[in-house]
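Comments concern the structure below.
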Amino acid sequence: MQDGKSQQERWEEAAAACNDFITTLGNKYPMDEYRLIRDYQNGEIIFDRRYGSTNTFEKNNYPVGYNLGQSGNTPSQNLVDAYEMIDGTPFDWNNPEHKSNPYANRDPRLAMSILTNNVEFKDRTIEAWTGGRDGKGVIHATRTGYYIYKFIDPNLDLLQNRTSVHHWVIMRYAEILLSYAEAMNEAYGPTGNVGYRLNAVRALNQVRNRVGVEMPAVPTAISKEELREKIRNERRVELAFEDHRFWDVRRWMIAPETLGAPLRGVEITKISDEEFEYKPIEVEKRTFEPKMYLYPIPQADLNTTGWVQNPLW
C-alpha cells in the first residue's frame with residue numbers, strides 16, 4: 001500500500017467513517033418505501049443530481065409496444081436471477097416450481113425495479129413473449145425479455161408530452177449501511193462491533209427490512225465468507241441501475257467471472273393468456289480479461305514520459 005496501511009486498517013477506517021455518519025446523521029435520512037426511490041423528495045437521498053420536468057427517460061425506456069417507447073435499457077437475466085425468493089433462498093432454474101412461474105414469490109425489489117412478462121404496466125400487461133407487442137419479432141424490442149422500471153414515471157402520457165421532475169441518485173442512506181456492513185464484516189466479522197451501534201449483520205438487515213421490502217433477516221450464525229457473498233448480492237439488487245455494480249466487481253476483483261460472463265436473457269413462449277413457458281438463453285458473449293482492470297497507456301504518452309505500460313498490455 002502506498003500509504004503504508006494494511007488492508008485490515010483500511011477496512012477499519014471505512015467502518016469507522018460509516019459509523020460516524022450513521023450515529024450522527026442517520027436519523028436525518030429515513031428509508032422510505034423502496035418504490036419511491038424515483039421520487040426526488042425521498043427521505044433517504046443524501047446526494048443527487050436533479051433535473052427539470054422532462055419525459056426523456058420515459059421515451060428512452062418505456063417498452064417498445066407503448067406509445068413512443070424505445071426500449072432503451074433492458075435488464076439481464078443475470079441480474080434478475082440475483083433476486084432471492086421471498087423466503088430468502090436463491091432462485092433456481094432447476095427448480096420446476098421456480099421455472100414455471102419465475103417472477104412469483106420473489107424479493108419485492110424485483111417488481112419495483114424491472115418490468116417482467118405479463119405484469120401490469122399502465123393500461124395493459126407487458127407482452128414480452130415472442131410475438132407479443134413488447135417481445136421478439138418487434139423492431140427494437142428487448143433482447144433479454146425485460147424492461148427497466150426503476151426511476152421510470154409510469155404515469156406519464158407521452159403522446160400528450162406529459163412530464164415530471166426526475167433525479168439521478170448519487171448517494172443514499174442504504175448505500176451507507178451496505179458499505180458499513182461490508183467494512184465491518186471484513187474488519188471484525190459478522191457480529192463484531194468494537195462498541196459501535198451496529199454490527200455487520202444488523203446493518204445488512206436494516207436494508208433487507210426497509211419499508212416495502214421486508215426480506216428475511218440474515219442470521220447472526222453466519223460465517224464471514226457467507227456474509228460477504230450476502231452483502232455483495234444485496235448491493236447488486238438494492239443498488240441496481242444506480243451505477244455501482246460495474247465498480248463493485250472491479251474492486252472485488254471478480255470482473256472476469258461477472259463482467260466477462262455471457263449476457264443472458266429469457267425466451268418466452270405464450271401457451272395461453274395466463275400460461276407461459278420460460279427458457280433462459282444466452283444473448284451475447286462478453287469478455288473481461290485481467291488486464292482490463294487498468295486501461296492501456298497510449299503509446300504517445302509512453303514515448304514522451306518514459307512511463308511503463310500497465311501490466312499485460
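Naming scheme: A, B, ... for chains in displayed order of the C-alpha cells; residues 1 onward per chain; ligands 1 onward as shown.
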
Legend entry - Spatial neighbours of region 127-134 of chain A, 10 Å, only C-alpha atoms, chain gap at least 3 places, as a PyMOL selection string: chain A and resi 62-66+69+71+115-120+124+137-147+266-271+276-278

Inset, instruction - For Met112 (chain A), work out the shell of residues within 7 Å, counting only C-alpha atoms and skipping chain neighbours fewer than 4 positions away, then give it as a ChimeraX atom specification. - result: /A:35,108,149-150

Inset, instruction - Mind checking which residues fall within 10 Å of Val211 (chain A), counting only C-alpha atoms, ignoring those fewer than 4 positions away in the same chain, and posting them as a list in words? - result: Pro30, Met31, Asp32, Glu33, Tyr34, Arg35, Gln206 and Val207 of chain A

Inset, instruction - Work out how far apart CA of Asn105 (chain A) and CA of Glu175 (chain A) are and give it in Å to one decimal. - result: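 Going from CA of Asn105 (chain A) over to CA of Glu175 (chain A) covers 25.1 Å.
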
Inset, instruction - Have a look at A:Glu225, A:Pro280, A:Leu36, A:Thr287 and name the one nearest to Ala255 (chain A); count only C-alpha atoms. - result: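 Comparing A:Glu225, A:Pro280, A:Leu36, A:Thr287 against Ala255 (chain A), the winner is A:Thr287.
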
Inset, instruction - Compare A:Phe246, A:Phe91, A:Phe121, A:Tyr103 by their minimum atom-to-atom distance to Ile152 (chain A), counting only C-alpha atoms, and give me the closest one. - result: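 That would be A:Phe121, the residue with the smallest distance to Ile152 (chain A).
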
Go through region 111-205 of chain A and collect every residue that DSSP, computed from the backbone, puts in strand (DSSP E or B); the answer should be as an mmCIF file with C-alpha atoms, in the first residue's frame.
data_model
loop_
_atom_site.group_PDB
_atom_site.id
_atom_site.type_symbol
_atom_site.label_atom_id
_atom_site.label_comp_id
_atom_site.auth_asym_id
_atom_site.auth_seq_id
_atom_site.Cartn_x
_atom_site.Cartn_y
_atom_site.Cartn_z
ATOM 1 C CA ILE A 114 -37.765 -4.465 -13.526
ATOM 2 C CA LEU A 115 -40.779 -4.944 -15.778
ATOM 3 C CA GLU A 120 -49.440 -4.791 -15.191
ATOM 4 C CA PHE A 121 -47.989 -1.567 -16.598
ATOM 5 C CA ARG A 124 -52.243 -3.357 -20.018
ATOM 6 C CA THR A 125 -49.839 -6.187 -19.215
ATOM 7 C CA TYR A 147 -37.521 -3.677 -19.362
ATOM 8 C CA ILE A 148 -36.316 -1.245 -16.727
ATOM 9 C CA SER A 164 -42.356 15.192 -14.331
ATOM 10 C CA VAL A 165 -39.298 16.088 -12.246
ATOM 11 C CA HIS A 166 -36.504 13.490 -12.364
ATOM 12 C CA HIS A 167 -33.266 12.969 -10.482
ATOM 13 C CA TRP A 168 -30.180 10.782 -10.541
ATOM 14 C CA VAL A 169 -29.246 9.266 -7.180
ATOM 15 C CA ILE A 170 -25.564 9.634 -6.393
ATOM 16 C CA MET A 171 -25.698 8.550 -2.752
ATOM 17 C CA ARG A 172 -28.459 7.398 -0.416
#

Inset, instruction - Write down as a PyMOL selection string the residues of region 113-252 of chain A whose backbone DSSP state falls under alpha helix (DSSP H). - result: chain A and resi 113+173-188+200-208+224-238+245-251

Legend entry - For CA of Thr191 (chain A) and CA of Gly4 (chain A), the interatomic separation in Å (one decimal):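 So the answer is 27.8 Å.
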
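Proximity to Arg264 (chain A) at 9 Å, evaluated using only C-alpha atoms and with sequence-adjacent residues fewer than 6 positions away removed, yields Ser76, Gln77, Asn78, Thr144, Pro280, Ile281, Glu282, Val283, Glu284 and Lys285 of chain A.
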
Inset, instruction - Write out as a list in words which residues come within 9 Å of Ala14 (chain A) when counting only C-alpha atoms, dropping same-chain ones fewer than 4 positions away. - result: Glu9, Arg10, Cys18, Asn19, Ser179, Tyr180, Ala183 and Met184 of chain A

Produce a file of the selected residues containing N, CA and C atoms, as a tab-separated table (two decimals), in the first residue's frame.
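Produced file out36.tsv, reproduced below:
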chain	number	residue	atom	x	y	z
A	9	GLU	N	-6.40	-2.29	8.15
A	9	GLU	CA	-6.54	-0.91	8.63
A	9	GLU	C	-7.48	-0.10	7.76
A	10	ARG	N	-7.46	-0.35	6.47
A	10	ARG	CA	-8.36	0.37	5.56
A	10	ARG	C	-9.81	0.01	5.84
A	18	CYS	N	-18.18	5.18	8.26
A	18	CYS	CA	-19.61	4.90	8.09
A	18	CYS	C	-20.33	4.98	9.44
A	19	ASN	N	-19.68	4.49	10.49
A	19	ASN	CA	-20.30	4.55	11.82
A	19	ASN	C	-20.53	5.99	12.25
A	179	SER	N	-22.23	-0.28	2.80
A	179	SER	CA	-20.79	-0.08	2.87
A	179	SER	C	-20.28	-0.35	4.28
A	180	TYR	N	-21.08	0.07	5.27
A	180	TYR	CA	-20.74	-0.19	6.67
A	180	TYR	C	-20.73	-1.69	6.95
A	183	ALA	N	-17.61	-3.26	5.37
A	183	ALA	CA	-16.38	-2.92	6.08
A	183	ALA	C	-16.31	-3.60	7.45
A	184	MET	N	-17.44	-3.62	8.17
A	184	MET	CA	-17.47	-4.27	9.48
A	184	MET	C	-17.21	-5.76	9.36

Inset, instruction - Kindly indicate which residue among A:Leu239, A:Ile46, A:Val218, A:Ala261 lies nearest to Phe151 (chain A), using only C-alpha atoms for the distances. - result: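 Selected residue with least distance to Phe151 (chain A): A:Leu239.
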
Legend entry - Pick from A:Gln8, A:Asp48, A:Lys291, A:Glu229 nearest to Arg250 (chain A), counting only C-alpha atoms: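 Closest candidate: A:Lys291.
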
Distance query Leu177 (chain A) at most 12 Å, only C-alpha atoms, self and fewer than 4 positions along chain excluded, as a CSV table (one decimal) with all heavy atoms, in the first residue's frame:
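As written to disk, around.csv reads:
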chain,number,residue,atom,x,y,z
A,14,ALA,N,-12.8,2.5,7.1
A,14,ALA,CA,-14.0,2.6,6.4
A,14,ALA,C,-15.2,2.4,7.3
A,14,ALA,O,-16.2,3.1,7.3
A,14,ALA,CB,-14.1,1.7,5.2
A,15,ALA,N,-15.1,1.4,8.2
A,15,ALA,CA,-16.2,1.1,9.1
A,15,ALA,C,-16.4,2.3,10.1
A,15,ALA,O,-17.5,2.6,10.4
A,15,ALA,CB,-15.8,-0.2,9.9
A,17,ALA,N,-15.7,5.5,9.5
A,17,ALA,CA,-16.3,6.6,8.8
A,17,ALA,C,-17.8,6.4,8.6
A,17,ALA,O,-18.6,7.3,8.9
A,17,ALA,CB,-15.6,6.8,7.5
A,18,CYS,N,-18.2,5.2,8.3
A,18,CYS,CA,-19.6,4.9,8.1
A,18,CYS,C,-20.3,5.0,9.4
A,18,CYS,O,-21.5,5.5,9.5
A,18,CYS,CB,-19.8,3.5,7.5
A,18,CYS,SG,-19.3,3.4,5.7
A,19,ASN,N,-19.7,4.5,10.5
A,19,ASN,CA,-20.3,4.5,11.8
A,19,ASN,C,-20.5,6.0,12.3
A,19,ASN,O,-21.6,6.3,12.8
A,19,ASN,CB,-19.4,3.8,12.8
A,19,ASN,CG,-20.0,3.9,14.2
A,19,ASN,OD1,-21.0,3.3,14.5
A,19,ASN,ND2,-19.3,4.6,15.1
A,20,ASP,N,-19.6,6.9,12.0
A,20,ASP,CA,-19.7,8.3,12.3
A,20,ASP,C,-21.0,8.9,11.6
A,20,ASP,O,-21.7,9.6,12.2
A,20,ASP,CB,-18.5,9.1,11.9
A,20,ASP,CG,-17.3,8.8,12.8
A,20,ASP,OD1,-17.5,8.2,13.9
A,20,ASP,OD2,-16.2,9.1,12.4
A,21,PHE,N,-21.1,8.5,10.4
A,21,PHE,CA,-22.3,9.0,9.6
A,21,PHE,C,-23.6,8.5,10.2
A,21,PHE,O,-24.5,9.2,10.4
A,21,PHE,CB,-22.2,8.6,8.1
A,21,PHE,CG,-23.2,9.3,7.3
A,21,PHE,CD1,-22.9,10.4,6.5
A,21,PHE,CD2,-24.5,8.8,7.2
A,21,PHE,CE1,-23.8,11.0,5.7
A,21,PHE,CE2,-25.5,9.4,6.4
A,21,PHE,CZ,-25.1,10.5,5.7
A,22,ILE,N,-23.6,7.2,10.4
A,22,ILE,CA,-24.8,6.5,10.9
A,22,ILE,C,-25.2,7.1,12.3
A,22,ILE,O,-26.4,7.4,12.5
A,22,ILE,CB,-24.6,5.0,11.0
A,22,ILE,CG1,-24.5,4.4,9.6
A,22,ILE,CG2,-25.7,4.3,11.8
A,22,ILE,CD1,-24.0,3.0,9.6
A,23,THR,N,-24.3,7.3,13.2
A,23,THR,CA,-24.6,7.7,14.5
A,23,THR,C,-24.9,9.2,14.6
A,23,THR,O,-25.7,9.7,15.5
A,23,THR,CB,-23.5,7.4,15.5
A,23,THR,OG1,-22.3,8.0,15.0
A,23,THR,CG2,-23.3,5.9,15.7
A,26,GLY,N,-27.7,9.6,10.6
A,26,GLY,CA,-28.6,8.5,10.2
A,26,GLY,C,-30.0,8.9,10.3
A,26,GLY,O,-30.8,8.6,9.4
A,29,TYR,N,-32.0,10.7,7.5
A,29,TYR,CA,-32.3,10.1,6.2
A,29,TYR,C,-33.1,8.8,6.4
A,29,TYR,O,-32.6,7.7,6.2
A,29,TYR,CB,-31.0,9.7,5.5
A,29,TYR,CG,-30.1,11.0,5.2
A,29,TYR,CD1,-29.1,11.3,6.1
A,29,TYR,CD2,-30.4,11.8,4.2
A,29,TYR,CE1,-28.3,12.5,5.8
A,29,TYR,CE2,-29.7,13.0,4.0
A,29,TYR,CZ,-28.6,13.3,4.8
A,29,TYR,OH,-27.9,14.4,4.6
A,31,MET,N,-35.4,5.7,5.6
A,31,MET,CA,-35.5,5.0,4.3
A,31,MET,C,-37.0,4.8,4.0
A,31,MET,O,-37.7,3.9,4.6
A,31,MET,CB,-34.8,3.6,4.4
A,31,MET,CG,-33.3,3.8,4.5
A,31,MET,SD,-32.4,2.3,4.1
A,31,MET,CE,-32.8,1.4,5.6
A,44,GLU,N,-34.4,9.3,2.0
A,44,GLU,CA,-33.1,8.8,2.2
A,44,GLU,C,-32.0,9.3,1.3
A,44,GLU,O,-30.8,8.9,1.4
A,44,GLU,CB,-33.1,7.2,2.1
A,44,GLU,CG,-33.3,6.7,0.7
A,44,GLU,CD,-33.1,5.2,0.6
A,44,GLU,OE1,-31.9,4.7,0.8
A,44,GLU,OE2,-34.0,4.5,0.4
A,171,MET,N,-25.9,9.2,-4.0
A,171,MET,CA,-25.7,8.6,-2.8
A,171,MET,C,-27.0,8.6,-1.9
A,171,MET,O,-27.7,9.6,-1.9
A,171,MET,CB,-24.6,9.2,-1.9
A,171,MET,CG,-24.3,8.5,-0.6
A,171,MET,SD,-22.9,9.3,0.3
A,171,MET,CE,-21.5,8.9,-0.8
A,172,ARG,N,-27.3,7.5,-1.3
A,172,ARG,CA,-28.5,7.4,-0.4
A,172,ARG,C,-28.1,6.5,0.8
A,172,ARG,O,-27.1,5.8,0.8
A,172,ARG,CB,-29.7,6.9,-1.1
A,172,ARG,CG,-29.6,5.5,-1.8
A,172,ARG,CD,-30.8,5.2,-2.6
A,172,ARG,NE,-30.8,4.0,-3.3
A,172,ARG,CZ,-31.2,2.8,-2.8
A,172,ARG,NH1,-31.7,2.7,-1.6
A,172,ARG,NH2,-31.1,1.7,-3.6
A,173,TYR,N,-28.9,6.6,1.8
A,173,TYR,CA,-28.6,6.1,3.1
A,173,TYR,C,-28.4,4.5,3.1
A,173,TYR,O,-27.5,4.0,3.8
A,173,TYR,CB,-29.6,6.4,4.1
A,173,TYR,CG,-29.3,6.0,5.6
A,173,TYR,CD1,-28.0,6.5,6.1
A,173,TYR,CD2,-30.1,5.3,6.4
A,173,TYR,CE1,-27.7,6.1,7.4
A,173,TYR,CE2,-29.8,4.9,7.7
A,173,TYR,CZ,-28.5,5.4,8.2
A,173,TYR,OH,-28.2,5.0,9.4
A,181,ALA,N,-21.8,-2.4,6.5
A,181,ALA,CA,-21.9,-3.8,6.7
A,181,ALA,C,-20.7,-4.5,6.1
A,181,ALA,O,-20.1,-5.4,6.7
A,181,ALA,CB,-23.2,-4.4,6.1
A,182,GLU,N,-20.3,-4.1,4.9
A,182,GLU,CA,-19.1,-4.8,4.2
A,182,GLU,C,-17.8,-4.5,5.0
A,182,GLU,O,-17.0,-5.4,5.2
A,182,GLU,CB,-19.0,-4.2,2.8
A,182,GLU,CG,-17.9,-4.8,2.0
A,182,GLU,CD,-17.7,-4.3,0.6
A,182,GLU,OE1,-18.6,-3.5,0.2
A,182,GLU,OE2,-16.8,-4.7,-0.1
A,183,ALA,N,-17.6,-3.3,5.4
A,183,ALA,CA,-16.4,-2.9,6.1
A,183,ALA,C,-16.3,-3.6,7.4
A,183,ALA,O,-15.3,-4.1,7.9
A,183,ALA,CB,-16.3,-1.4,6.2
A,184,MET,N,-17.4,-3.6,8.2
A,184,MET,CA,-17.5,-4.3,9.5
A,184,MET,C,-17.2,-5.8,9.4
A,184,MET,O,-16.5,-6.3,10.2
A,184,MET,CB,-18.8,-4.0,10.2
A,184,MET,CG,-19.0,-2.6,10.7
A,184,MET,SD,-17.9,-2.2,12.0
A,184,MET,CE,-18.6,-3.1,13.4
A,197,ARG,N,-22.7,1.0,17.3
A,197,ARG,CA,-24.2,0.7,17.5
A,197,ARG,C,-24.6,-0.5,16.7
A,197,ARG,O,-25.4,-1.3,17.2
A,197,ARG,CB,-25.0,1.9,17.0
A,197,ARG,CG,-26.5,1.7,17.1
A,197,ARG,CD,-27.3,2.9,16.5
A,197,ARG,NE,-26.9,4.2,17.1
A,197,ARG,CZ,-27.4,5.3,16.6
A,197,ARG,NH1,-28.2,5.4,15.6
A,197,ARG,NH2,-27.1,6.4,17.2
A,198,LEU,N,-24.1,-0.7,15.5
A,198,LEU,CA,-24.5,-1.8,14.7
A,198,LEU,C,-23.3,-2.7,14.4
A,198,LEU,O,-22.2,-2.3,14.3
A,198,LEU,CB,-25.0,-1.3,13.3
A,198,LEU,CG,-26.3,-0.4,13.4
A,198,LEU,CD1,-26.5,0.1,12.0
A,198,LEU,CD2,-27.5,-1.1,13.9
A,199,ASN,N,-23.6,-4.0,14.2
A,199,ASN,CA,-22.6,-4.9,13.7
A,199,ASN,C,-23.0,-5.1,12.2
A,199,ASN,O,-23.9,-4.6,11.7
A,199,ASN,CB,-22.5,-6.3,14.4
A,199,ASN,CG,-23.8,-7.0,14.5
A,199,ASN,OD1,-24.6,-7.0,13.5
A,199,ASN,ND2,-24.1,-7.7,15.6
A,200,ALA,N,-22.2,-6.0,11.5
A,200,ALA,CA,-22.4,-6.1,10.0
A,200,ALA,C,-23.8,-6.7,9.7
A,200,ALA,O,-24.5,-6.3,8.8
A,200,ALA,CB,-21.3,-7.0,9.5
A,201,VAL,N,-24.2,-7.7,10.5
A,201,VAL,CA,-25.4,-8.4,10.2
A,201,VAL,C,-26.6,-7.4,10.4
A,201,VAL,O,-27.5,-7.4,9.6
A,201,VAL,CB,-25.6,-9.7,11.1
A,201,VAL,CG1,-27.0,-10.2,11.0
A,201,VAL,CG2,-24.6,-10.7,10.7
A,202,ARG,N,-26.6,-6.7,11.5
A,202,ARG,CA,-27.7,-5.8,11.8
A,202,ARG,C,-27.8,-4.7,10.8
A,202,ARG,O,-28.9,-4.3,10.4
A,202,ARG,CB,-27.5,-5.2,13.2
A,202,ARG,CG,-27.8,-6.1,14.4
A,202,ARG,CD,-27.7,-5.4,15.7
A,202,ARG,NE,-28.7,-4.4,15.8
A,202,ARG,CZ,-28.7,-3.4,16.7
A,202,ARG,NH1,-27.7,-3.4,17.6
A,202,ARG,NH2,-29.6,-2.5,16.8
A,203,ALA,N,-26.7,-4.2,10.3
A,203,ALA,CA,-26.7,-3.1,9.3
A,203,ALA,C,-27.3,-3.7,8.0
A,203,ALA,O,-28.1,-3.0,7.3
A,203,ALA,CB,-25.3,-2.6,9.0
A,204,LEU,N,-26.9,-4.9,7.6
A,204,LEU,CA,-27.4,-5.5,6.4
A,204,LEU,C,-28.9,-5.7,6.5
A,204,LEU,O,-29.7,-5.5,5.6
A,204,LEU,CB,-26.7,-6.9,6.1
A,204,LEU,CG,-27.2,-7.6,4.9
A,204,LEU,CD1,-27.0,-6.9,3.6
A,204,LEU,CD2,-26.5,-9.0,4.8
A,205,ASN,N,-29.4,-6.2,7.7
A,205,ASN,CA,-30.8,-6.5,7.9
A,205,ASN,C,-31.6,-5.2,7.9
A,205,ASN,O,-32.8,-5.2,7.6
A,205,ASN,CB,-31.0,-7.3,9.2
A,205,ASN,CG,-30.6,-8.7,9.0
A,205,ASN,OD1,-30.6,-9.3,7.9
A,205,ASN,ND2,-30.2,-9.4,10.1
A,206,GLN,N,-31.1,-4.1,8.2
A,206,GLN,CA,-31.8,-2.8,8.2
A,206,GLN,C,-32.2,-2.5,6.7
A,206,GLN,O,-33.3,-2.0,6.4
A,206,GLN,CB,-31.0,-1.6,8.7
A,206,GLN,CG,-31.0,-1.5,10.2
A,206,GLN,CD,-30.6,-0.2,10.7
A,206,GLN,OE1,-30.5,0.8,10.0
A,206,GLN,NE2,-30.3,-0.1,12.0
A,207,VAL,N,-31.3,-2.9,5.8
A,207,VAL,CA,-31.6,-2.7,4.4
A,207,VAL,C,-32.7,-3.7,3.9
A,207,VAL,O,-33.6,-3.4,3.2
A,207,VAL,CB,-30.4,-2.8,3.5
A,207,VAL,CG1,-30.7,-2.6,2.0
A,207,VAL,CG2,-29.4,-1.7,3.9
A,208,ARG,N,-32.5,-4.9,4.3
A,208,ARG,CA,-33.4,-6.0,3.9
A,208,ARG,C,-34.8,-5.9,4.5
A,208,ARG,O,-35.8,-6.4,4.0
A,208,ARG,CB,-32.8,-7.4,4.3
A,208,ARG,CG,-31.6,-7.8,3.5
A,208,ARG,CD,-31.0,-9.0,4.0
A,208,ARG,NE,-31.8,-10.2,3.9
A,208,ARG,CZ,-31.9,-10.9,2.8
A,208,ARG,NH1,-31.3,-10.6,1.7
A,208,ARG,NH2,-32.7,-12.0,2.8
A,210,ARG,N,-36.4,-2.8,5.1
A,210,ARG,CA,-36.8,-1.4,4.9
A,210,ARG,C,-38.3,-1.5,4.5
A,210,ARG,O,-38.9,-2.5,4.1
A,210,ARG,CB,-36.0,-0.7,3.8
A,210,ARG,CG,-36.2,-1.4,2.5
A,210,ARG,CD,-35.4,-0.6,1.4
A,210,ARG,NE,-35.9,0.8,1.3
A,210,ARG,CZ,-35.2,1.8,1.0
A,210,ARG,NH1,-33.9,1.7,0.7
A,210,ARG,NH2,-35.7,3.0,0.9
A,231,ILE,N,-23.7,-9.8,1.3
A,231,ILE,CA,-23.6,-8.4,1.2
A,231,ILE,C,-23.4,-8.0,-0.3
A,231,ILE,O,-24.0,-7.0,-0.8
A,231,ILE,CB,-22.4,-7.8,2.1
A,231,ILE,CG1,-22.8,-8.0,3.6
A,231,ILE,CG2,-22.1,-6.4,1.7
A,231,ILE,CD1,-21.6,-7.7,4.5
A,234,GLU,N,-26.6,-8.3,-2.0
A,234,GLU,CA,-27.5,-7.3,-1.5
A,234,GLU,C,-27.2,-5.9,-2.2
A,234,GLU,O,-28.1,-5.2,-2.6
A,234,GLU,CB,-27.4,-7.1,0.0
A,234,GLU,CG,-28.6,-6.3,0.6
A,234,GLU,CD,-29.9,-7.1,0.6
A,234,GLU,OE1,-29.9,-8.3,0.4
A,234,GLU,OE2,-31.0,-6.4,0.7
A,235,ARG,N,-26.0,-5.6,-2.4
A,235,ARG,CA,-25.6,-4.4,-3.1
A,235,ARG,C,-26.1,-4.5,-4.6
A,235,ARG,O,-26.5,-3.5,-5.1
A,235,ARG,CB,-24.1,-4.2,-3.1
A,235,ARG,CG,-23.5,-3.8,-1.8
A,235,ARG,CD,-22.0,-3.4,-1.9
A,235,ARG,NE,-21.8,-2.3,-2.7
A,235,ARG,CZ,-21.7,-1.0,-2.3
A,235,ARG,NH1,-21.9,-0.8,-1.0
A,235,ARG,NH2,-21.5,0.0,-3.1
A,238,GLU,N,-30.2,-4.2,-4.3
A,238,GLU,CA,-30.6,-2.9,-3.7
A,238,GLU,C,-30.2,-1.7,-4.5
A,238,GLU,O,-31.0,-0.8,-4.7
A,238,GLU,CB,-30.0,-2.8,-2.3
A,238,GLU,CG,-30.3,-1.4,-1.6
A,238,GLU,CD,-31.7,-1.2,-1.2
A,238,GLU,OE1,-32.5,-2.1,-1.0
A,238,GLU,OE2,-32.0,0.0,-1.1
A,239,LEU,N,-29.0,-1.7,-5.1
A,239,LEU,CA,-28.5,-0.6,-5.8
A,239,LEU,C,-28.6,-0.7,-7.3
A,239,LEU,O,-27.8,-0.1,-8.1
A,239,LEU,CB,-27.1,-0.3,-5.4
A,239,LEU,CG,-26.9,-0.1,-3.9
A,239,LEU,CD1,-25.4,0.0,-3.5
A,239,LEU,CD2,-27.6,1.2,-3.4

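Between CA of Gly260 (chain A) and CA of Arg286 (chain A) lies a distance of 5.0 Å.
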
Inset, instruction - Extract, using only C-alpha atoms, all DNA, RNA and protein residues at most 12 Å from Tyr295 (chain A), discarding same-chain residues fewer than 6 positions from it, and format them as a PyMOL selection string. - result: chain A and resi 289+309-313

Legend entry - Top pick for closest residue to Val80 (chain A), considering A:Leu263, A:Ile176, A:Val308, A:Leu227 and counting only C-alpha atoms: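 Nearest candidate to Val80 (chain A) out of A:Leu263, A:Ile176, A:Val308, A:Leu227: A:Leu263.
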
Legend entry - From A:Arg109, A:Lys99, A:Lys59, A:Arg232, residue lying nearest Asp153 (chain A) [only C-alpha atoms]: A:Lys59
